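Data file: query15.txt. Format and content: compact mmCIF, C-alpha atoms.
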# COMPACT_ATOMS: atom_id res chain seq x y z
CA MET A 1 -24.46 -12.76 40.01
CA ASN A 2 -23.30 -10.40 42.71
CA ILE A 3 -20.87 -7.60 42.18
CA ASN A 4 -17.85 -8.12 44.36
CA PHE A 5 -14.12 -7.80 44.65
CA THR A 6 -13.71 -9.81 41.45
CA LEU A 7 -14.65 -6.67 39.57
CA ILE A 8 -11.75 -4.74 41.01
CA SER A 9 -9.30 -7.56 40.43
CA GLN A 10 -10.47 -7.89 36.82
CA ALA A 11 -10.16 -4.15 36.32
CA VAL A 12 -6.60 -4.29 37.62
CA ALA A 13 -5.83 -7.20 35.29
CA PHE A 14 -7.36 -5.25 32.42
CA ALA A 15 -5.27 -2.20 33.26
CA ILE A 16 -2.11 -4.29 33.36
CA PHE A 17 -2.93 -5.90 30.02
CA ILE A 18 -3.64 -2.50 28.47
CA TRP A 19 -0.39 -1.12 29.81
CA PHE A 20 1.51 -4.11 28.49
CA THR A 21 -0.07 -3.90 25.05
CA VAL A 22 0.45 -0.15 24.77
CA ARG A 23 4.02 -0.42 25.96
CA PHE A 24 5.36 -3.64 24.47
CA VAL A 25 3.05 -5.09 21.83
CA TRP A 26 1.80 -2.20 19.73
CA PRO A 27 4.88 -0.05 19.08
CA PRO A 28 7.32 -2.69 17.76
CA LEU A 29 4.82 -4.12 15.31
CA MET A 30 3.72 -0.70 14.13
CA ARG A 31 7.37 0.20 13.68
CA ALA A 32 7.97 -2.90 11.62
CA VAL A 33 4.86 -2.33 9.52
CA GLU A 34 5.64 1.32 8.93
CA GLU A 35 9.22 0.51 8.05
CA ARG A 36 7.99 -2.04 5.54
CA GLN A 37 5.50 0.44 4.11
CA GLN A 38 8.32 2.93 3.71
CA ARG A 39 10.45 0.31 2.03
CA ILE A 40 7.67 -0.67 -0.34
CA ALA A 41 6.98 2.97 -1.15
CA ASP A 42 10.68 3.51 -1.84
CA GLY A 43 10.76 0.44 -4.03
CA LEU A 44 7.76 1.58 -6.00
CA ALA A 45 9.23 5.05 -6.42
CA ALA A 46 12.52 3.54 -7.61
CA ALA A 47 10.68 1.33 -10.06
CA GLU A 48 8.77 4.32 -11.35
CA ARG A 49 11.98 6.28 -11.71
CA GLY A 50 13.62 3.39 -13.54
CA LYS A 51 10.68 3.13 -15.88
CA GLN A 52 10.85 6.83 -16.67
CA GLU A 53 14.59 6.64 -17.23
CA LEU A 54 14.13 3.70 -19.55
CA GLU A 55 11.50 5.61 -21.46
CA GLN A 56 13.77 8.61 -21.79
CA ALA A 57 16.68 6.43 -22.91
CA HIS A 58 14.42 4.86 -25.47
CA LYS A 59 13.37 8.27 -26.73
CA ARG A 60 16.99 9.37 -26.88
CA ALA A 61 17.94 6.26 -28.83
CA VAL A 62 15.16 6.85 -31.33
CA GLU A 63 16.28 10.45 -31.70
CA GLU A 64 19.89 9.41 -32.22
CA MET A 65 18.87 6.88 -34.82
CA ARG A 66 16.78 9.47 -36.60
CA LYS A 67 19.73 11.88 -36.62
CA ALA A 68 22.10 9.18 -37.88
CA ARG A 69 19.68 8.31 -40.63
CA GLU A 70 19.41 11.98 -41.60
CA SER A 71 23.15 12.57 -41.69
CA ASN A 72 23.52 9.35 -43.63
CA ALA A 73 21.08 10.58 -46.22
CA ASP A 74 22.86 13.95 -46.29
CA MET A 75 26.16 12.30 -46.83
CA ARG A 76 24.78 10.19 -49.62
CA THR A 77 23.28 13.17 -51.44
CA ASN A 78 26.52 15.06 -51.01
CA ALA A 79 28.50 12.14 -52.36
CA GLU A 80 26.16 11.79 -55.27
CA LYS A 81 26.38 15.47 -55.99
CA GLN A 82 30.12 15.35 -55.80
CA ALA A 83 30.28 12.31 -58.05
CA ALA A 84 28.04 14.03 -60.57
CA GLN A 85 30.20 17.10 -60.39
CA ILE A 86 33.36 15.09 -60.94
CA VAL A 87 31.81 13.30 -63.89
CA ASP A 88 30.68 16.64 -65.25
CA GLU A 89 34.07 18.18 -64.86
CA ALA A 90 35.71 15.20 -66.48
CA ARG A 91 33.29 15.42 -69.37
CA GLN A 92 34.01 19.14 -69.82
CA GLU A 93 37.73 18.55 -69.60
CA SER A 94 37.61 15.83 -72.19
CA ALA A 95 35.49 18.02 -74.45
CA ARG A 96 37.96 20.79 -74.00
CA ILE A 97 40.90 18.52 -74.78
CA ILE A 98 39.14 17.16 -77.81
CA ALA A 99 38.33 20.65 -79.02
CA GLN A 100 41.89 21.76 -78.45
CA ALA A 101 43.24 18.77 -80.32
CA ARG A 102 40.85 19.42 -83.14
CA THR A 103 41.87 23.07 -83.39
CA ALA A 104 45.51 22.10 -83.29
CA ALA A 105 45.01 19.52 -85.98
CA GLU A 106 43.02 21.93 -88.11
CA ALA A 107 45.67 24.61 -87.71
CA GLU A 108 48.35 22.15 -88.63
CA ALA A 109 46.38 20.97 -91.61
CA ALA A 110 45.83 24.56 -92.68
CA ALA A 111 49.53 25.33 -92.27
CA ALA A 112 50.43 22.26 -94.27
CA ALA A 113 48.00 23.24 -96.99
CA GLN A 114 49.49 26.73 -97.02
CA ARG A 115 52.95 25.32 -97.25
CA VAL A 116 51.97 23.07 -100.08
CA LYS A 117 50.24 25.99 -101.75
CA GLU A 118 53.33 28.07 -101.44
CA GLN A 119 55.58 25.33 -102.77
CA LEU A 120 53.16 24.89 -105.60
CA ARG A 121 53.20 28.61 -106.22
CA GLU A 122 56.99 28.65 -106.16
CA ARG A 123 57.14 25.74 -108.48
CA LEU A 124 54.60 27.46 -110.71
CA ALA A 125 56.74 30.59 -110.71
CA ASP A 126 59.81 28.56 -111.48
CA LEU A 127 57.97 26.77 -114.24
CA ALA A 128 56.69 30.06 -115.60
CA ILE A 129 60.16 31.54 -115.54
CA ALA A 130 61.63 28.41 -117.05
CA GLY A 131 58.97 28.56 -119.79
CA ALA A 132 59.62 32.22 -120.34
CA GLU A 133 63.41 31.65 -120.50
CA ARG A 134 62.95 28.95 -123.06
CA ILE A 135 60.78 31.19 -125.16
CA LEU A 136 63.02 34.18 -124.84
CA ARG A 137 66.41 32.38 -124.87
CA ARG A 138 67.83 34.35 -127.62
CA GLU A 139 66.73 37.78 -127.01
CA ILE A 140 66.98 37.76 -123.33
CA ASP A 141 70.24 38.20 -121.61
CA ALA A 142 70.01 36.44 -118.29
CA LYS A 143 72.13 38.96 -116.67
CA LYS A 144 70.27 41.90 -118.16
CA HIS A 145 66.89 40.56 -117.42
CA ALA A 146 67.60 39.01 -114.02
CA GLU A 147 65.90 41.85 -112.29
CA LEU A 148 62.86 41.46 -114.45
CA LEU A 149 62.71 37.74 -113.71
CA ALA A 150 63.02 38.33 -110.04
CA ASN A 151 60.14 40.77 -110.22
CA LEU A 152 58.05 38.27 -112.06
CA LYS A 153 58.85 35.62 -109.56
CA GLN A 154 57.83 37.99 -106.83
CA GLU A 155 54.52 38.71 -108.43
CA LEU A 156 53.69 35.07 -108.95
CA ARG A 157 54.28 34.27 -105.38
CA MET B 158 -21.86 -33.68 39.89
CA ALA B 159 -22.45 -35.35 43.17
CA ALA B 160 -23.43 -38.88 42.23
CA GLU B 161 -24.53 -40.07 45.66
CA LYS B 162 -27.55 -37.74 45.82
CA THR B 163 -30.44 -37.63 43.43
CA LEU B 164 -29.53 -34.90 41.00
CA THR B 165 -32.29 -32.47 40.17
CA PRO B 166 -32.11 -30.13 37.17
CA THR B 167 -31.85 -27.21 39.54
CA ASP B 168 -28.86 -28.80 41.23
CA TYR B 169 -27.22 -29.41 37.90
CA ILE B 170 -27.66 -25.88 36.68
CA SER B 171 -26.76 -24.18 39.90
CA HIS B 172 -23.68 -26.36 40.14
CA HIS B 173 -22.55 -25.13 36.77
CA LEU B 174 -23.36 -21.53 37.55
CA THR B 175 -21.68 -21.29 40.93
CA ASN B 176 -18.32 -19.63 41.08
CA MET B 177 -15.41 -20.89 43.02
CA THR B 178 -15.03 -18.25 45.67
CA ALA B 179 -12.40 -17.11 48.07
CA GLY B 180 -11.93 -14.19 50.37
CA GLY B 181 -13.89 -12.43 53.04
CA GLY B 182 -17.48 -12.84 51.90
CA GLY B 183 -19.89 -10.08 50.97
CA PHE B 184 -18.21 -7.57 48.73
CA TRP B 185 -14.78 -8.96 49.49
CA THR B 186 -15.58 -12.28 47.84
CA LEU B 187 -13.31 -13.18 44.95
CA HIS B 188 -14.35 -15.40 42.07
CA VAL B 189 -11.15 -17.38 41.75
CA ASP B 190 -12.27 -19.21 38.60
CA THR B 191 -13.12 -15.99 36.76
CA LEU B 192 -9.91 -14.27 37.75
CA VAL B 193 -7.58 -17.21 37.09
CA THR B 194 -9.15 -18.10 33.74
CA SER B 195 -9.16 -14.54 32.51
CA VAL B 196 -5.63 -13.80 33.62
CA VAL B 197 -4.32 -17.02 32.09
CA LEU B 198 -6.14 -16.26 28.84
CA GLY B 199 -4.90 -12.67 28.87
CA ILE B 200 -1.33 -13.80 29.39
CA LEU B 201 -1.70 -16.40 26.63
CA GLY B 202 -3.27 -13.98 24.15
CA ILE B 203 -1.27 -10.85 24.82
CA GLY B 204 1.81 -12.96 25.47
CA PHE B 205 1.44 -14.61 22.08
CA LEU B 206 1.23 -11.20 20.42
CA TRP B 207 4.25 -10.03 22.37
CA TRP B 208 6.22 -13.14 21.48
CA VAL B 209 5.50 -12.66 17.77
CA VAL B 210 5.97 -8.90 17.81
CA ARG B 211 9.32 -9.12 19.60
CA GLY B 212 10.83 -10.82 16.59
CA ALA B 213 8.88 -8.78 14.08
CA THR B 214 10.77 -7.97 10.93
CA SER B 215 10.10 -5.17 8.49
CA GLY B 216 11.12 -7.51 5.71
CA VAL B 217 9.08 -10.43 4.50
CA PRO B 218 7.04 -11.63 7.49
CA ASN B 219 6.59 -15.29 8.29
CA LYS B 220 3.09 -16.75 8.58
CA ARG B 221 2.89 -16.19 12.32
CA GLN B 222 3.80 -12.55 12.01
CA ALA B 223 1.51 -12.13 9.01
CA PHE B 224 -1.36 -13.48 11.08
CA VAL B 225 -0.66 -11.12 13.96
CA GLU B 226 -0.22 -8.22 11.54
CA LEU B 227 -3.53 -9.08 9.96
CA ALA B 228 -5.27 -9.01 13.33
CA ILE B 229 -3.57 -5.81 14.44
CA ASP B 230 -4.19 -4.19 11.08
CA PHE B 231 -7.86 -5.10 11.35
CA VAL B 232 -8.11 -3.44 14.77
CA ASP B 233 -6.12 -0.44 13.57
CA ASP B 234 -8.43 -0.01 10.58
CA GLN B 235 -11.49 -0.12 12.81
CA VAL B 236 -9.98 2.48 15.12
CA LYS B 237 -8.93 4.61 12.16
CA SER B 238 -12.45 4.63 10.77
CA ILE B 239 -13.95 5.90 14.03
CA PHE B 240 -11.27 7.74 15.92
CA HIS B 241 -9.41 10.62 14.30
CA GLY B 242 -6.41 11.46 16.32
CA ASP B 243 -3.33 9.91 17.85
CA ARG B 244 -4.08 6.18 17.90
CA SER B 245 -1.01 5.15 19.88
CA PHE B 246 -3.12 4.58 22.99
CA VAL B 247 -6.64 3.94 21.74
CA ALA B 248 -5.68 1.29 19.20
CA PRO B 249 -3.72 -0.88 21.65
CA VAL B 250 -6.62 -0.61 24.08
CA ALA B 251 -8.97 -1.85 21.38
CA LEU B 252 -6.54 -4.65 20.57
CA THR B 253 -6.32 -5.69 24.20
CA VAL B 254 -10.09 -5.66 24.50
CA VAL B 255 -10.77 -7.70 21.40
CA VAL B 256 -8.08 -10.30 22.06
CA TRP B 257 -8.94 -10.75 25.68
CA VAL B 258 -12.71 -10.75 25.28
CA LEU B 259 -12.52 -13.09 22.31
CA LEU B 260 -10.46 -15.61 24.25
CA MET B 261 -12.69 -15.34 27.32
CA ASN B 262 -15.79 -15.77 25.18
CA ALA B 263 -14.17 -18.70 23.40
CA MET B 264 -14.15 -20.60 26.69
CA ASP B 265 -17.80 -21.13 25.91
CA PHE B 266 -16.76 -23.62 23.24
CA LEU B 267 -15.44 -26.00 25.86
CA PRO B 268 -18.05 -28.66 26.57
CA VAL B 269 -19.57 -27.66 29.90
CA ASP B 270 -19.81 -31.10 31.45
CA ILE B 271 -16.35 -32.27 30.42
CA VAL B 272 -14.76 -29.16 31.91
CA SER B 273 -16.83 -29.62 35.04
CA TRP B 274 -15.90 -33.30 35.30
CA LEU B 275 -12.19 -32.51 34.85
CA PHE B 276 -12.21 -29.84 37.53
CA THR B 277 -14.24 -31.97 39.94
CA ASN B 278 -12.45 -35.28 39.52
CA VAL B 279 -8.92 -34.36 38.41
CA LEU B 280 -8.29 -31.05 40.16
CA HIS B 281 -10.82 -31.65 42.95
CA LEU B 282 -12.33 -28.23 42.56
CA HIS B 283 -16.04 -28.64 42.93
CA TYR B 284 -17.09 -25.31 41.46
CA TRP B 285 -15.45 -23.87 38.41
CA ARG B 286 -17.08 -21.65 35.80
CA PRO B 287 -14.91 -21.59 32.73
CA VAL B 288 -16.33 -18.51 30.95
CA PRO B 289 -15.09 -15.29 32.58
CA THR B 290 -17.33 -13.09 30.46
CA ALA B 291 -20.40 -14.95 31.75
CA ASP B 292 -19.48 -13.42 35.09
CA VAL B 293 -20.96 -9.96 35.43
CA ASN B 294 -17.91 -8.83 37.37
CA THR B 295 -15.67 -9.25 34.35
CA THR B 296 -17.90 -7.39 31.96
CA PHE B 297 -18.44 -4.59 34.43
CA ALA B 298 -14.73 -4.42 35.13
CA LEU B 299 -14.14 -3.95 31.42
CA SER B 300 -16.95 -1.50 30.80
CA LEU B 301 -16.22 0.59 33.90
CA SER B 302 -12.54 0.75 32.96
CA VAL B 303 -13.54 1.99 29.53
CA TRP B 304 -15.95 4.40 31.21
CA LEU B 305 -13.16 5.79 33.37
CA LEU B 306 -10.95 6.13 30.30
CA MET B 307 -13.81 7.95 28.63
CA ILE B 308 -14.13 10.44 31.47
CA TYR B 309 -10.36 10.78 31.73
CA PHE B 310 -10.03 11.64 28.05
CA SER B 311 -13.06 13.89 28.17
CA ILE B 312 -11.49 15.92 30.97
CA ARG B 313 -8.03 15.82 29.44
CA ILE B 314 -9.24 17.08 26.07
CA LYS B 315 -11.76 19.67 27.23
CA GLY B 316 -10.46 20.47 30.69
CA VAL B 317 -12.56 20.22 33.85
CA GLY B 318 -14.46 23.35 32.84
CA GLY B 319 -15.25 22.01 29.42
CA PHE B 320 -16.36 18.70 30.87
CA VAL B 321 -18.71 20.34 33.36
CA TYR B 322 -19.91 22.76 30.69
CA GLU B 323 -20.85 19.84 28.47
CA LEU B 324 -22.67 18.15 31.34
CA PHE B 325 -24.96 21.17 31.65
CA CYS B 326 -25.02 22.66 28.20
CA SER B 327 -25.26 19.81 25.75
CA PRO B 328 -27.02 18.40 23.85
CA PHE B 329 -29.86 20.95 24.01
CA GLY B 330 -27.78 24.09 24.56
CA VAL B 331 -28.73 26.96 26.89
CA LYS B 332 -30.52 29.25 24.47
CA PRO B 333 -32.83 31.10 24.74
CA VAL B 334 -31.51 32.48 27.99
CA TRP B 335 -34.86 32.83 29.77
CA ILE B 336 -35.34 29.06 29.97
CA ALA B 337 -31.64 28.34 30.48
CA PRO B 338 -32.07 26.85 34.01
CA VAL B 339 -34.70 24.41 32.75
CA LEU B 340 -32.53 23.45 29.80
CA MET B 341 -29.56 22.94 32.08
CA VAL B 342 -31.54 20.56 34.24
CA PHE B 343 -32.64 18.62 31.20
CA ASN B 344 -29.11 18.59 29.81
CA LEU B 345 -27.73 17.28 33.07
CA LEU B 346 -30.42 14.59 33.29
CA PHE B 347 -29.80 13.60 29.70
CA ASN B 348 -26.05 13.37 30.24
CA LEU B 349 -26.45 11.43 33.48
CA VAL B 350 -28.67 8.91 31.75
CA GLU B 351 -26.11 8.64 28.99
CA TYR B 352 -23.20 8.25 31.39
CA ILE B 353 -25.04 5.58 33.34
CA SER B 354 -26.47 3.72 30.39
CA LYS B 355 -23.17 3.49 28.52
CA PRO B 356 -21.32 1.17 30.90
CA LEU B 357 -24.52 -0.73 31.72
CA SER B 358 -25.40 -1.55 28.15
CA HIS B 359 -21.76 -2.09 27.28
CA SER B 360 -21.25 -4.72 29.93
CA LEU B 361 -24.68 -6.30 30.10
CA ARG B 362 -24.80 -6.93 26.36
CA LEU B 363 -21.68 -9.05 26.54
CA PHE B 364 -22.66 -10.65 29.82
CA GLY B 365 -26.16 -11.49 28.66
CA ASN B 366 -25.00 -13.11 25.45
CA MET B 367 -22.37 -15.22 27.14
CA TYR B 368 -24.53 -16.15 30.11
CA ALA B 369 -27.43 -17.12 27.87
CA GLY B 370 -25.12 -19.13 25.66
CA GLU B 371 -23.82 -21.04 28.63
CA LEU B 372 -27.31 -21.56 29.94
CA ILE B 373 -28.55 -22.99 26.67
CA PHE B 374 -25.68 -25.47 26.64
CA LEU B 375 -26.71 -26.45 30.15
CA LEU B 376 -30.35 -26.89 29.15
CA LEU B 377 -29.31 -29.01 26.20
CA GLY B 378 -27.18 -31.01 28.60
CA LEU B 379 -30.21 -31.47 30.81
CA TRP B 380 -32.19 -32.71 27.86
CA ALA B 381 -29.44 -35.12 26.98
CA ALA B 382 -29.76 -36.59 30.47
CA THR B 383 -33.37 -37.65 29.88
CA GLY B 384 -32.60 -40.71 27.80
CA LEU B 385 -31.54 -41.90 24.37
CA VAL B 386 -33.85 -39.69 22.29
CA GLY B 387 -32.97 -36.71 24.44
CA SER B 388 -29.29 -37.50 24.04
CA ILE B 389 -29.56 -37.60 20.26
CA PHE B 390 -31.53 -34.37 20.01
CA GLY B 391 -29.43 -32.76 22.72
CA ALA B 392 -26.28 -33.63 20.80
CA ILE B 393 -27.63 -32.40 17.45
CA LEU B 394 -28.94 -29.16 18.90
CA GLY B 395 -25.79 -28.79 20.93
CA VAL B 396 -23.72 -28.94 17.75
CA GLY B 397 -26.05 -26.43 16.08
CA TRP B 398 -25.87 -24.05 19.01
CA ALA B 399 -22.09 -24.44 19.24
CA ILE B 400 -21.72 -23.54 15.57
CA PHE B 401 -24.02 -20.56 16.00
CA HIS B 402 -22.10 -19.66 19.10
CA ILE B 403 -18.90 -19.27 17.10
CA LEU B 404 -20.58 -16.30 15.48
CA ILE B 405 -21.82 -14.91 18.78
CA VAL B 406 -18.44 -15.24 20.45
CA ALA B 407 -16.63 -13.39 17.68
CA LEU B 408 -19.43 -10.89 17.17
CA GLN B 409 -19.70 -9.95 20.83
CA ALA B 410 -15.94 -9.50 21.09
CA TYR B 411 -16.07 -7.31 18.00
CA ILE B 412 -19.03 -5.29 19.30
CA PHE B 413 -17.36 -4.82 22.65
CA MET B 414 -14.24 -3.52 20.92
CA MET B 415 -16.19 -1.22 18.62
CA LEU B 416 -18.15 0.27 21.51
CA THR B 417 -14.92 0.78 23.42
CA ILE B 418 -13.51 2.72 20.47
CA VAL B 419 -16.73 4.66 19.99
CA TYR B 420 -17.00 5.68 23.63
CA ILE B 421 -13.38 6.78 23.87
CA SER B 422 -13.53 8.65 20.59
CA MET B 423 -16.78 10.36 21.63
CA ALA B 424 -14.92 11.63 24.67
CA HIS B 425 -12.49 13.34 22.30
CA GLU B 426 -15.21 15.27 20.52
CA SER B 427 -16.40 18.51 21.97
CA HIS B 428 -19.86 19.89 21.32
Once more with this new file: its structure as structure tokens, please.
Amino acid sequence: MNINFTLISQAVAFAIFIWFTVRFVWPPLMRAVEERQQRIADGLAAAERGKQELEQAHKRAVEEMRKARESNADMRTNAEKQAAQIVDEARQESARIIAQARTAAEAEAAAAAQRVKEQLRERLADLAIAGAERILRREIDAKKHAELLANLKQELR
Amino acid sequence: MAAEKTLTPTDYISHHLTNMTAGGGGFWTLHVDTLVTSVVLGILGIGFLWWVVRGATSGVPNKRQAFVELAIDFVDDQVKSIFHGDRSFVAPVALTVVVWVLLMNAMDFLPVDIVSWLFTNVLHLHYWRPVPTADVNTTFALSLSVWLLMIYFSIRIKGVGGFVYELFCSPFGVKPVWIAPVLMVFNLLFNLVEYISKPLSHSLRLFGNMYAGELIFLLLGLWAATGLVGSIFGAILGVGWAIFHILIVALQAYIFMMLTIVYISMAHESH
């Protein structure tokens, strides 16, 4: 139980062990651990970044789809409008053509009626003159009364 | 155990508690068993760490490295929680202390009589105490080294002036001025008591636990020598004490490390 030289020898051994641990044991392991910590931190940061990027891409995709859907709807309404317009125009055109045809037909019919009327009138005049000639055969000199007959014909027309 | 003589309990115990000595006698005696055991254990423990750490990878560690990292991380965490500053010296010191003291304490697990028989009959060394920390020289060597580190850091951080100032002016201060001389005397006394009690309690706590542990194993061994009933009870109690001793061995190593950290970190704080 006595204090002796052993104490000093143990203290020297202790000092050597401390020196060895401080110099050779502690630093390499701490380096390795810190390096790993750094690597893990980097990995986590990268994962976080990737997650955010994915989220953004997802958002962008949704936005794009929304836009596509909108333009699609626009196009459809435009097309429908255009189709309606075309149909409308066609309808108007056909109505116009029909109306034109009708007017033409009516005009033609009117002209024909007029022509017939005139022929009838002419014939009537001729008949009237022929009747008058027959009645007046004796007294009337055709040459003398030609002017008169022409006048009559003119009036009847 | 010398079989030719009648063996008294005193002989038995004193045989187990006598160091193998060498050297000049008096102060210049050297406890060969203490020194050899502790140095071998230190080389084994620190060497193991070194061997693992040399091939340490920052990638996925193997089980051996994971174990060492766990131990070192544990020590580093303890240091971190007490000491706020550059840990590149203090933490390795704590690691050295805990590894070395734990291994030296663990020598207490070796059955006392088997070790004694091996050394006596195989190596022909009559006296050999296997537990270095049950030798007061070892514990004082450790605690005084820590004490010197404490004073070294105290002076390095605060300067010689600051160190001397603290000796005289803390913890009670020097105000009011008219009783300053009295306060300074009390401060100095207080600090001296603290500086003396620190290494004493630090070393004697470890020594006492280990010495008492060894002694109880010896007493149980004595009981076992009294006959069949004594052997049975001695064996049962021996197992119980050995299991309890696992706790003491680890706990004392831990306490020794914690106190080392506390003392060194206290030296870094100025008042």
Report as a VMD selection string the set of chain B residues whose atoms approach chain A to within 6 Å, with distances computed over all atoms listed in the file.
chain B and resid 184 to 188 207 210 214 to 215 249 to 250 253 294 to 295 298
Ile403 in chain B environment, 12 Å, only C-alpha atoms, sequence neighbours closer than 4 positions dropped, as a compact mmCIF listing (two decimals) with C-alpha atoms, in the frame of the given file:
# COMPACT_ATOMS: atom_id res chain seq x y z
CA LEU B 259 -12.52 -13.09 22.31
CA LEU B 260 -10.46 -15.61 24.25
CA ASN B 262 -15.79 -15.77 25.18
CA ALA B 263 -14.17 -18.70 23.40
CA MET B 264 -14.15 -20.60 26.69
CA ASP B 265 -17.80 -21.13 25.91
CA PHE B 266 -16.76 -23.62 23.24
CA LEU B 267 -15.44 -26.00 25.86
CA MET B 367 -22.37 -15.22 27.14
CA GLY B 370 -25.12 -19.13 25.66
CA VAL B 396 -23.72 -28.94 17.75
CA GLY B 397 -26.05 -26.43 16.08
CA TRP B 398 -25.87 -24.05 19.01
CA ALA B 399 -22.09 -24.44 19.24
CA ALA B 407 -16.63 -13.39 17.68
CA LEU B 408 -19.43 -10.89 17.17
CA GLN B 409 -19.70 -9.95 20.83
CA ALA B 410 -15.94 -9.50 21.09
Enter the distance from CA of Ala392 in chain B to CA of Trp380 in chain B, in Å, rounded to one decimal.
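Spanning CA of Ala392 in chain B to CA of Trp380 in chain B is a straight-line distance of 9.3 Å.
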Please determine, counting only C-alpha atoms, which residue among B:Met341, B:Leu375, B:Met177, B:Val386 has the shortest atom-to-atom distance to Phe276 in chain B.
B:Met177
Which protein, DNA or RNA residues are at most 10 Å from (-9.8, -21.9, 36.6) in the file's coordinates when you count only C-alpha atoms, listed as a PyMOL selection string?
chain B and resi 176-177+188-197+272+276+280+282+284-289
Could you give me, as JSON, numbers by chain, the residues within 10 Å of Ile418 in chain B, counting only C-alpha atoms and dropping anything in the same chain fewer than 6 positions from it?
{"B": [232, 235, 236, 237, 238, 239, 240, 247, 248, 250, 251, 254, 303, 307, 412, 424]}
Please produce an output containing C-alpha atoms for each residue in the selection, written as a PDB file, in the frame of the given file.
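selection-v7.pdb, written as the output of this step:
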ATOM      1  CA  VAL B 232      -8.110  -3.440  14.770  1.00  0.00           C
ATOM      2  CA  GLN B 235     -11.490  -0.120  12.810  1.00  0.00           C
ATOM      3  CA  VAL B 236      -9.980   2.480  15.120  1.00  0.00           C
ATOM      4  CA  LYS B 237      -8.930   4.610  12.160  1.00  0.00           C
ATOM      5  CA  SER B 238     -12.450   4.630  10.770  1.00  0.00           C
ATOM      6  CA  ILE B 239     -13.950   5.900  14.030  1.00  0.00           C
ATOM      7  CA  PHE B 240     -11.270   7.740  15.920  1.00  0.00           C
ATOM      8  CA  VAL B 247      -6.640   3.940  21.740  1.00  0.00           C
ATOM      9  CA  ALA B 248      -5.680   1.290  19.200  1.00  0.00           C
ATOM     10  CA  VAL B 250      -6.620  -0.610  24.080  1.00  0.00           C
ATOM     11  CA  ALA B 251      -8.970  -1.850  21.380  1.00  0.00           C
ATOM     12  CA  VAL B 254     -10.090  -5.660  24.500  1.00  0.00           C
ATOM     13  CA  VAL B 303     -13.540   1.990  29.530  1.00  0.00           C
ATOM     14  CA  MET B 307     -13.810   7.950  28.630  1.00  0.00           C
ATOM     15  CA  ILE B 412     -19.030  -5.290  19.300  1.00  0.00           C
ATOM     16  CA  ALA B 424     -14.920  11.630  24.670  1.00  0.00           C
TER      17      ALA B 424
END
One decimal, in Å: what's the spacing between CA of His283 in chain B and CA of His172 in chain B?
8.4 Å
List the neighbours of Val321 in chain B out to 12 Å using all atoms listed in the file; skip same-chain residues closer than 5 positions along the sequence, and give me the result as a list in words.
Ile308, Ser311, Ile312, Lys315, Gly316, Cys326, Ser327, Met341, Asn344, Leu345, Asn348, Leu349 and Ser427 of chain B
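CA of Tyr411 in chain B sits 8.7 Å away from CA of Val258 in chain B.
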Show which residues sit within 9 Å of Lys355 in chain B, as a compact mmCIF listing (two decimals) with C-alpha atoms, in the coordinates of the input. Count only C-alpha atoms, and ignore same-chain residues fewer than 4 positions away.
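Output (result_12.txt):
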# COMPACT_ATOMS: atom_id res chain seq x y z
CA SER B 300 -16.95 -1.50 30.80
CA TRP B 304 -15.95 4.40 31.21
CA VAL B 350 -28.67 8.91 31.75
CA GLU B 351 -26.11 8.64 28.99
CA HIS B 359 -21.76 -2.09 27.28
CA SER B 360 -21.25 -4.72 29.93
CA TYR B 420 -17.00 5.68 23.63
Applying 7 Å and only C-alpha atoms, which residues near His425 in chain B remain after dropping the ones on its own chain fewer than 2 positions away? List them as a ChimeraX atom specification.
/B:310-311,314,421-423,427
